[in-house]
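Asker: File protein30.txt below, compact mmCIF, C-alpha atoms:
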```txt
# COMPACT_ATOMS: atom_id res chain seq x y z
CA MET Z 27 94.71 45.02 -46.13
CA THR Z 28 97.24 47.38 -44.62
CA ALA Z 29 100.70 46.21 -43.63
CA GLY Z 30 99.68 46.46 -39.98
CA LEU Z 31 96.69 44.16 -40.42
CA ILE Z 32 98.72 41.67 -42.44
CA ARG Z 33 101.26 41.59 -39.65
CA LEU Z 34 98.47 41.11 -37.10
CA ALA Z 35 97.26 38.03 -38.97
CA GLU Z 36 100.80 36.70 -39.28
CA GLU Z 37 101.48 37.20 -35.58
CA PHE Z 38 98.25 35.46 -34.64
CA ALA Z 39 99.07 32.49 -36.88
CA GLU Z 40 102.49 32.16 -35.27
CA LYS Z 41 101.09 32.34 -31.73
CA ALA Z 42 98.14 30.08 -32.49
CA PHE Z 43 100.33 27.25 -33.72
CA GLU Z 44 102.32 27.48 -30.52
CA ALA Z 45 99.17 27.24 -28.36
CA ALA Z 46 99.41 24.13 -26.21
CA ASP Z 47 95.68 23.71 -25.55
CA MET Z 48 92.23 25.17 -26.19
CA PRO Z 49 92.28 27.63 -23.22
CA GLU Z 50 95.48 29.18 -24.56
CA LEU Z 51 94.08 29.37 -28.09
CA THR Z 52 90.83 30.85 -26.73
CA ALA Z 53 92.72 33.59 -24.90
CA GLN Z 54 94.65 34.46 -28.06
CA LEU Z 55 91.47 34.54 -30.15
CA GLU Z 56 89.66 36.75 -27.65
CA ALA Z 57 92.56 39.23 -27.58
CA VAL Z 58 92.84 39.50 -31.36
CA SER Z 59 89.05 39.79 -31.70
CA ARG Z 60 89.09 42.93 -29.58
CA GLU Z 61 92.06 44.28 -31.52
CA LEU Z 62 90.05 43.91 -34.72
CA GLY Z 63 87.09 45.79 -33.24
CA PHE Z 64 84.88 42.85 -32.24
CA ARG Z 65 83.50 42.02 -28.80
CA TYR Z 66 82.58 38.36 -29.27
CA PHE Z 67 83.86 35.26 -31.03
CA ALA Z 68 82.80 31.62 -31.42
CA LEU Z 69 85.01 28.79 -32.67
CA VAL Z 70 82.89 25.65 -32.96
CA HIS Z 71 82.06 22.37 -34.58
CA HIS Z 72 78.35 22.84 -35.25
CA VAL Z 73 77.43 19.39 -33.97
CA SER Z 74 78.67 20.50 -30.52
CA PHE Z 75 75.33 22.28 -30.04
CA ARG Z 76 73.57 18.91 -30.24
CA ARG Z 77 75.95 16.90 -28.10
CA ARG Z 78 78.86 17.76 -25.87
CA SER Z 79 82.09 15.89 -26.46
CA PRO Z 80 85.73 16.61 -25.57
CA ARG Z 81 86.59 15.60 -29.14
CA LEU Z 82 84.67 18.55 -30.60
CA ILE Z 83 85.76 22.17 -30.98
CA GLU Z 84 83.65 24.42 -28.77
CA SER Z 85 84.99 27.80 -27.65
CA SER Z 86 83.25 31.18 -27.41
CA ASN Z 87 82.71 34.24 -25.26
CA TYR Z 88 79.14 34.91 -26.39
CA PRO Z 89 76.81 36.42 -23.76
CA PRO Z 90 75.92 33.57 -21.33
CA VAL Z 91 72.17 34.21 -21.61
CA TRP Z 92 72.30 33.97 -25.40
CA SER Z 93 74.46 30.83 -25.31
CA GLU Z 94 72.00 29.14 -22.94
CA MET Z 95 69.05 30.13 -25.12
CA PHE Z 96 70.79 29.02 -28.29
CA VAL Z 97 71.18 25.48 -26.99
CA GLY Z 98 68.30 25.22 -24.52
CA ARG Z 99 65.68 26.51 -26.95
CA ARG Z 100 67.32 24.67 -29.83
CA TYR Z 101 67.84 27.83 -31.87
CA PHE Z 102 70.78 26.05 -33.50
CA VAL Z 103 68.34 23.88 -35.46
CA ASP Z 104 67.04 26.88 -37.44
CA ASP Z 105 69.88 29.36 -37.00
CA PRO Z 106 70.26 31.14 -40.37
CA VAL Z 107 73.96 31.81 -39.81
CA LEU Z 108 74.71 28.10 -39.40
CA HIS Z 109 72.55 27.28 -42.41
CA ALA Z 110 74.23 29.95 -44.53
CA SER Z 111 77.69 28.68 -43.60
CA GLN Z 112 76.85 25.39 -45.33
CA ARG Z 113 76.42 27.22 -48.63
CA THR Z 114 79.70 29.05 -49.04
CA ILE Z 115 83.43 28.70 -48.47
CA VAL Z 116 84.15 32.40 -47.83
CA ALA Z 117 83.38 34.63 -44.87
CA PHE Z 118 80.04 36.43 -44.93
CA ALA Z 119 78.45 39.19 -42.89
CA TRP Z 120 75.35 38.26 -40.91
CA SER Z 121 73.51 41.10 -42.63
CA ASP Z 122 74.15 39.29 -45.94
CA VAL Z 123 72.69 35.94 -44.86
CA GLY Z 124 69.64 36.65 -47.03
CA ARG Z 125 71.85 36.31 -50.12
CA LEU Z 126 72.68 32.73 -49.20
CA LEU Z 127 69.25 31.44 -48.19
CA THR Z 128 65.64 32.55 -48.09
CA LEU Z 129 64.93 33.88 -44.61
CA ASN Z 130 61.72 32.68 -42.99
CA ARG Z 131 59.93 33.93 -39.87
CA ARG Z 132 61.90 31.63 -37.57
CA HIS Z 133 65.23 32.82 -39.03
CA ARG Z 134 64.29 36.46 -38.53
CA ALA Z 135 63.12 35.82 -34.99
CA ILE Z 136 66.44 34.18 -34.06
CA LEU Z 137 68.44 37.08 -35.51
CA ALA Z 138 66.25 39.60 -33.69
CA ARG Z 139 66.58 37.74 -30.40
CA SER Z 140 70.36 37.59 -30.69
CA ARG Z 141 70.43 41.39 -31.05
CA ARG Z 142 68.24 41.81 -27.97
CA GLU Z 143 70.67 39.64 -26.01
CA GLY Z 144 73.66 41.80 -26.94
CA MET Z 145 74.89 40.31 -30.22
CA GLY Z 146 75.28 43.01 -32.87
CA GLU Z 147 76.68 42.72 -36.37
CA GLY Z 148 78.95 39.80 -37.15
CA ILE Z 149 80.78 37.73 -39.72
CA THR Z 150 81.21 33.98 -39.99
CA VAL Z 151 84.12 32.11 -41.53
CA PRO Z 152 83.00 28.63 -42.66
CA ALA Z 153 85.38 25.75 -41.94
CA HIS Z 154 84.56 22.51 -43.73
CA VAL Z 155 86.87 19.51 -44.01
CA PRO Z 156 85.54 16.36 -45.76
CA GLY Z 157 84.86 13.59 -43.27
CA GLU Z 158 84.90 15.91 -40.26
CA PRO Z 159 82.11 17.82 -38.50
CA ASN Z 160 81.26 21.13 -40.15
CA GLY Z 161 82.40 24.17 -38.22
CA SER Z 162 83.03 27.88 -38.30
CA CYS Z 163 84.70 30.82 -36.62
CA SER Z 164 82.47 33.84 -36.01
CA PHE Z 165 83.18 37.35 -34.80
CA ALA Z 166 80.54 39.81 -33.58
CA THR Z 167 80.18 43.32 -32.21
CA LYS Z 168 77.97 44.39 -29.34
CA THR Z 169 74.44 45.45 -30.28
CA GLY Z 170 74.47 48.94 -31.75
CA ARG Z 171 78.08 48.79 -32.93
CA PRO Z 172 78.85 48.56 -36.66
CA LEU Z 173 81.12 46.03 -38.27
CA PRO Z 174 84.79 47.01 -38.60
CA GLY Z 175 86.01 48.13 -42.04
CA ARG Z 176 86.50 45.78 -44.98
CA ALA Z 177 90.24 45.38 -44.42
CA ARG Z 178 89.63 44.21 -40.86
CA LEU Z 179 86.96 41.77 -42.06
CA LEU Z 180 89.46 40.23 -44.50
CA THR Z 181 91.97 40.00 -41.67
CA ALA Z 182 89.35 38.33 -39.47
CA GLN Z 183 88.80 35.70 -42.17
CA LEU Z 184 92.49 34.79 -42.18
CA ILE Z 185 92.59 34.70 -38.40
CA GLY Z 186 89.44 32.57 -38.22
CA LEU Z 187 90.89 29.99 -40.58
CA HIS Z 188 94.18 29.79 -38.68
CA ALA Z 189 92.29 29.50 -35.37
CA PHE Z 190 90.12 26.66 -36.63
CA GLU Z 191 93.08 24.80 -38.08
CA ARG Z 192 94.98 24.99 -34.80
CA ALA Z 193 91.88 23.89 -32.90
CA ARG Z 194 91.62 20.87 -35.22
CA GLN Z 195 95.18 19.92 -34.42
CA ILE Z 196 94.66 20.33 -30.67
CA LYS Z 197 91.57 18.11 -30.87
CA GLY Z 198 93.43 15.47 -32.84
CA PHE Z 199 92.07 16.01 -36.35
CA PRO Z 200 92.61 14.52 -38.84
CA ARG Z 201 92.04 11.22 -37.08
CA PHE Z 202 93.06 9.07 -40.04
CA SER Z 203 96.60 9.20 -41.33
CA GLU Z 204 96.67 6.26 -43.73
CA GLN Z 205 96.98 6.88 -47.44
CA VAL Z 206 93.91 6.77 -49.65
CA PRO Z 207 93.65 3.21 -51.05
CA HIS Z 208 94.18 2.74 -54.75
CA LEU Z 209 91.10 1.45 -56.56
CA SER Z 210 90.94 0.28 -60.14
CA PRO Z 211 88.83 2.30 -62.61
CA ARG Z 212 86.14 -0.42 -62.53
CA GLU Z 213 86.10 -0.46 -58.72
CA GLU Z 214 85.67 3.33 -58.71
CA GLU Z 215 82.80 3.10 -61.23
CA CYS Z 216 81.04 0.51 -59.09
CA LEU Z 217 81.67 2.56 -55.96
CA ARG Z 218 80.18 5.73 -57.46
CA MET Z 219 77.05 3.84 -58.45
CA LEU Z 220 76.88 2.25 -55.00
CA VAL Z 221 76.96 5.73 -53.44
CA GLY Z 222 73.99 6.60 -55.65
CA GLY Z 223 72.01 3.70 -54.21
CA ALA Z 224 72.38 1.29 -57.12
CA SER Z 225 71.96 -2.43 -56.50
CA ASP Z 226 74.42 -5.03 -57.75
CA LYS Z 227 72.02 -5.89 -60.56
CA LEU Z 228 71.72 -2.25 -61.65
CA ILE Z 229 75.49 -1.73 -61.44
CA ALA Z 230 75.99 -4.85 -63.55
CA ARG Z 231 73.43 -3.77 -66.12
CA GLN Z 232 74.77 -0.20 -66.43
CA LEU Z 233 78.40 -1.31 -66.70
CA LYS Z 234 77.61 -4.40 -68.81
CA LEU Z 235 78.96 -6.78 -66.19
CA SER Z 236 77.60 -9.90 -64.60
CA PRO Z 237 76.05 -9.39 -61.12
CA GLU Z 238 78.77 -11.62 -59.67
CA THR Z 239 81.49 -9.46 -61.23
CA ALA Z 240 79.87 -6.30 -59.90
CA ARG Z 241 79.72 -7.85 -56.41
CA ARG Z 242 83.37 -8.83 -56.69
CA TYR Z 243 84.43 -5.25 -57.56
CA ILE Z 244 82.53 -3.93 -54.52
CA LYS Z 245 84.10 -6.65 -52.36
CA THR Z 246 87.64 -5.82 -53.49
CA ALA Z 247 86.97 -2.10 -52.90
CA ARG Z 248 85.84 -2.95 -49.36
CA ALA Z 249 89.00 -4.99 -48.88
CA ALA Z 250 91.17 -2.10 -50.07
CA TYR Z 251 89.55 0.11 -47.44
CA ASP Z 252 89.39 -2.68 -44.86
CA ALA Z 253 85.70 -1.75 -44.56
CA ALA Z 254 83.45 -4.21 -42.74
CA THR Z 255 80.30 -3.08 -44.56
CA ARG Z 256 79.27 -1.29 -47.72
CA THR Z 257 78.10 1.63 -45.60
CA GLU Z 258 81.56 1.99 -44.07
CA LEU Z 259 83.08 1.83 -47.56
CA VAL Z 260 80.86 4.69 -48.75
CA VAL Z 261 81.53 6.84 -45.67
CA ARG Z 262 85.30 6.40 -45.86
CA ALA Z 263 85.36 7.05 -49.63
CA LEU Z 264 83.36 10.26 -49.04
CA ARG Z 265 85.80 11.28 -46.32
CA ASP Z 266 88.76 10.78 -48.66
CA GLY Z 267 87.11 12.63 -51.54
CA LEU Z 268 87.18 9.55 -53.76
CA VAL Z 269 83.46 10.09 -54.33
CA SER Z 270 81.32 13.16 -53.67
CA PHE Z 271 77.87 13.90 -52.36
CA ASP Z 272 76.85 14.65 -55.95
CA ASP Z 273 77.40 10.96 -56.68
CA ALA Z 274 74.59 10.24 -54.21
CA ILE Z 275 72.12 12.26 -56.29
CA PRO Z 276 70.65 10.19 -59.14
CA PRO Z 277 70.94 11.89 -62.54
CA ASP Z 278 67.79 13.38 -64.06
CA GLY Z 279 65.74 10.86 -65.95
```
So that I can check it, write out the structure of this file as structure tokens.
Answerer:
Amino acid sequence: MTAGLIRLAEEFAEKAFEAADMPELTAQLEAVSRELGFRYFALVHHVSFRRRSPRLIESSNYPPVWSEMFVGRRYFVDDPVLHASQRTIVAFAWSDVGRLLTLNRRHRAILARSRREGMGEGITVPAHVPGEPNGSCSFATKTGRPLPGRARLLTAQLIGLHAFERARQIKGFPRFSEQVPHLSPREEECLRMLVGGASDKLIARQLKLSPETARRYIKTARAAYDAATRTELVVRALRDGLVSFDDAIPPDG
């Protein structure tokens, strides 16, 4: 990136973190998008397409007709850009979506329709925080206009991340400020097996414990998290990164 583009990203970050609300942040993002050579932007929690909520991030200047189609015709269910954003942590060009997933007829139809409604080339910056709705910041040109140069795309990635982080803060994320509870090694072992769907009997057999002891470890882990149910314990442990989604996948064999 050139010194000028680095400074542009720095200035946006400074202004964004002074934004008092979403309208102010939206205005800043729209202005910097145009400065980078884009016409459109979208800063969203993906679940906002399924249900509206003041708690969710939802800000864009996409063409109104396309926005209405995207939600009204439920394009968001099969949108390849949203699907691709679940498979990477770095920005990607829409023209490169085929590297991240196998495009089917529905995917191609959605991309073609977006171009007909004025959306040209674009990039998407994934924004994933454990325990929070998945989101992204996208930038797009008008149909027929190429993407800006590589240096501007790298700048857009930095700006997109800063924009999403400020939007999180404005919306009140993270919503939990307590420290991650301390679990004993045995409690963590039992918890990981619980995430994988193991019963108390299976946990006991695998760890060479009595079923009562296994139940007691799960109970004390619930108490540490002040979780009313085992499901709440699993969800909160996933949110804190104490266990991962891989733990929910049984090992081969």
Asker: When distances are computed from all atoms listed in the file, which of Z:Ile229, Z:Ala39, Z:Ala274, Z:Val269 shows the smallest separation from Z:Leu51?
Answerer: Z:Ala39
Asker: Give as a PyMOL selection string every residue, naming chains and numbers as the document does, that has an atom within 10 Å of (88.5, 14.2, -27.0), counting all atoms listed in the file.
Answerer: chain Z and resi 79-83+196-198
Asker: Z:Leu129: which residues within 12 Å, counting all atoms listed in the file, same-chain residues fewer than 2 positions away excluded, as a list in words?
Answerer: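 Returned residues: Asp104, Asp105, Pro106, Val107, His109, Ala110, Trp120, Ser121, Asp122, Val123, Gly124, Arg125, Leu126, Leu127, Arg131, Arg132, His133, Arg134, Ala135, Ile136 and Leu137 of chain Z.
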Asker: Would you please work out which residue, of Z:Leu69, Z:Leu187, Z:Ala253, Z:Ala247, is nearest to Z:Phe43 when using only C-alpha atoms?
Answerer: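 Using only C-alpha atoms, Z:Phe43 sits closest to Z:Leu187.
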Asker: Extract, using all atoms listed in the file, all DNA, RNA and protein residues at most 12 Å from Z:Ser59, discarding same-chain residues fewer than 2 positions from it, and format them as an NGL selection string.
Answerer: :Z and (34-35 or 38 or 52-57 or 61-69 or 86-87 or 148-149 or 163-167 or 174 or 178-179 or 181-183 or 185-186 or 189)
Asker: Based on the selection just made, write C-alpha atoms of those residues as a CSV table (one decimal), in the frame of the given file.
Answerer:
```csv
chain,number,residue,atom,x,y,z
Z,34,LEU,CA,98.5,41.1,-37.1
Z,35,ALA,CA,97.3,38.0,-39.0
Z,38,PHE,CA,98.2,35.5,-34.6
Z,52,THR,CA,90.8,30.8,-26.7
Z,53,ALA,CA,92.7,33.6,-24.9
Z,54,GLN,CA,94.6,34.5,-28.1
Z,55,LEU,CA,91.5,34.5,-30.2
Z,56,GLU,CA,89.7,36.8,-27.6
Z,57,ALA,CA,92.6,39.2,-27.6
Z,61,GLU,CA,92.1,44.3,-31.5
Z,62,LEU,CA,90.0,43.9,-34.7
Z,63,GLY,CA,87.1,45.8,-33.2
Z,64,PHE,CA,84.9,42.8,-32.2
Z,65,ARG,CA,83.5,42.0,-28.8
Z,66,TYR,CA,82.6,38.4,-29.3
Z,67,PHE,CA,83.9,35.3,-31.0
Z,68,ALA,CA,82.8,31.6,-31.4
Z,69,LEU,CA,85.0,28.8,-32.7
Z,86,SER,CA,83.2,31.2,-27.4
Z,87,ASN,CA,82.7,34.2,-25.3
Z,148,GLY,CA,79.0,39.8,-37.2
Z,149,ILE,CA,80.8,37.7,-39.7
Z,163,CYS,CA,84.7,30.8,-36.6
Z,164,SER,CA,82.5,33.8,-36.0
Z,165,PHE,CA,83.2,37.4,-34.8
Z,166,ALA,CA,80.5,39.8,-33.6
Z,167,THR,CA,80.2,43.3,-32.2
Z,174,PRO,CA,84.8,47.0,-38.6
Z,178,ARG,CA,89.6,44.2,-40.9
Z,179,LEU,CA,87.0,41.8,-42.1
Z,181,THR,CA,92.0,40.0,-41.7
Z,182,ALA,CA,89.4,38.3,-39.5
Z,183,GLN,CA,88.8,35.7,-42.2
Z,185,ILE,CA,92.6,34.7,-38.4
Z,186,GLY,CA,89.4,32.6,-38.2
Z,189,ALA,CA,92.3,29.5,-35.4
```
Asker: Using Å and a single decimal, report how far atom CA of Z:Pro159 sits from atom CA of Z:Glu50.
Answerer: 22.4 Å
Asker: Pick from Z:Arg248, Z:Glu258, Z:Val58, Z:Met95: nearest to Z:Arg33, with all atoms listed in the file counted?
Answerer: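 Among the listed residues, the smallest separation from Z:Arg33 belongs to Z:Val58.
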Asker: Show me, as a PyMOL selection string, the residues that have an atom within 12 Å of Z:Ser225 when counting all atoms listed in the file, minus same-chain residues fewer than 2 positions from it.
Answerer: chain Z and resi 216-223+227-232+237-238+240-241+244+256
Asker: Restricted to C-alpha atoms, what would the selected residues look like written as a PDB file, keeping the file's coordinate frame?
Answerer:
```pdb
ATOM      1  CA  CYS Z 216      81.040   0.510 -59.090  1.00  0.00           C
ATOM      2  CA  LEU Z 217      81.670   2.560 -55.960  1.00  0.00           C
ATOM      3  CA  ARG Z 218      80.180   5.730 -57.460  1.00  0.00           C
ATOM      4  CA  MET Z 219      77.050   3.840 -58.450  1.00  0.00           C
ATOM      5  CA  LEU Z 220      76.880   2.250 -55.000  1.00  0.00           C
ATOM      6  CA  VAL Z 221      76.960   5.730 -53.440  1.00  0.00           C
ATOM      7  CA  GLY Z 222      73.990   6.600 -55.650  1.00  0.00           C
ATOM      8  CA  GLY Z 223      72.010   3.700 -54.210  1.00  0.00           C
ATOM      9  CA  LYS Z 227      72.020  -5.890 -60.560  1.00  0.00           C
ATOM     10  CA  LEU Z 228      71.720  -2.250 -61.650  1.00  0.00           C
ATOM     11  CA  ILE Z 229      75.490  -1.730 -61.440  1.00  0.00           C
ATOM     12  CA  ALA Z 230      75.990  -4.850 -63.550  1.00  0.00           C
ATOM     13  CA  ARG Z 231      73.430  -3.770 -66.120  1.00  0.00           C
ATOM     14  CA  GLN Z 232      74.770  -0.200 -66.430  1.00  0.00           C
ATOM     15  CA  PRO Z 237      76.050  -9.390 -61.120  1.00  0.00           C
ATOM     16  CA  GLU Z 238      78.770 -11.620 -59.670  1.00  0.00           C
ATOM     17  CA  ALA Z 240      79.870  -6.300 -59.900  1.00  0.00           C
ATOM     18  CA  ARG Z 241      79.720  -7.850 -56.410  1.00  0.00           C
ATOM     19  CA  ILE Z 244      82.530  -3.930 -54.520  1.00  0.00           C
ATOM     20  CA  ARG Z 256      79.270  -1.290 -47.720  1.00  0.00           C
TER      21      ARG Z 256
END
```
Asker: Kindly give the distance, in Å, that separates atom CA of Z:Ala29 and atom CA of Z:Val151, rounded to a single decimal.
Answerer: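 We find that atom CA of Z:Ala29 and atom CA of Z:Val151 lie 21.9 Å from each other.
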Asker: Could you tell me how far atom CA of Z:Leu108 sits from atom CA of Z:Thr169, in Å to one decimal place?
Answerer: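 That distance, rounded to one decimal, is 19.6 Å.
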Asker: Hey, which of Z:Arg242, Z:Arg212, Z:Arg192, Z:Lys234 ends up closest to Z:Ala46? Count all atoms listed in the file.
Answerer: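 Checking each of Z:Arg242, Z:Arg212, Z:Arg192, Z:Lys234 against Z:Ala46, counting all atoms listed in the file, the winner is Z:Arg192.
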Asker: Pick the closest to Z:Val260 from Z:Ser93, Z:Ile115, Z:Asp273, Z:Ser210: which is it, counting all atoms listed in the file?
Answerer: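 Among Z:Ser93, Z:Ile115, Z:Asp273, Z:Ser210, it is Z:Asp273 that comes nearest to Z:Val260.
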Asker: Using all atoms listed in the file, give me every residue within 10 Å of (64.9, 38.9, -23.6) in file coordinates, as a list in words.
Answerer: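 Result, sorted by chain then residue number: Val91, Trp92, Met95, Arg139, Ser140, Arg141, Arg142, Glu143 and Gly144 of chain Z.
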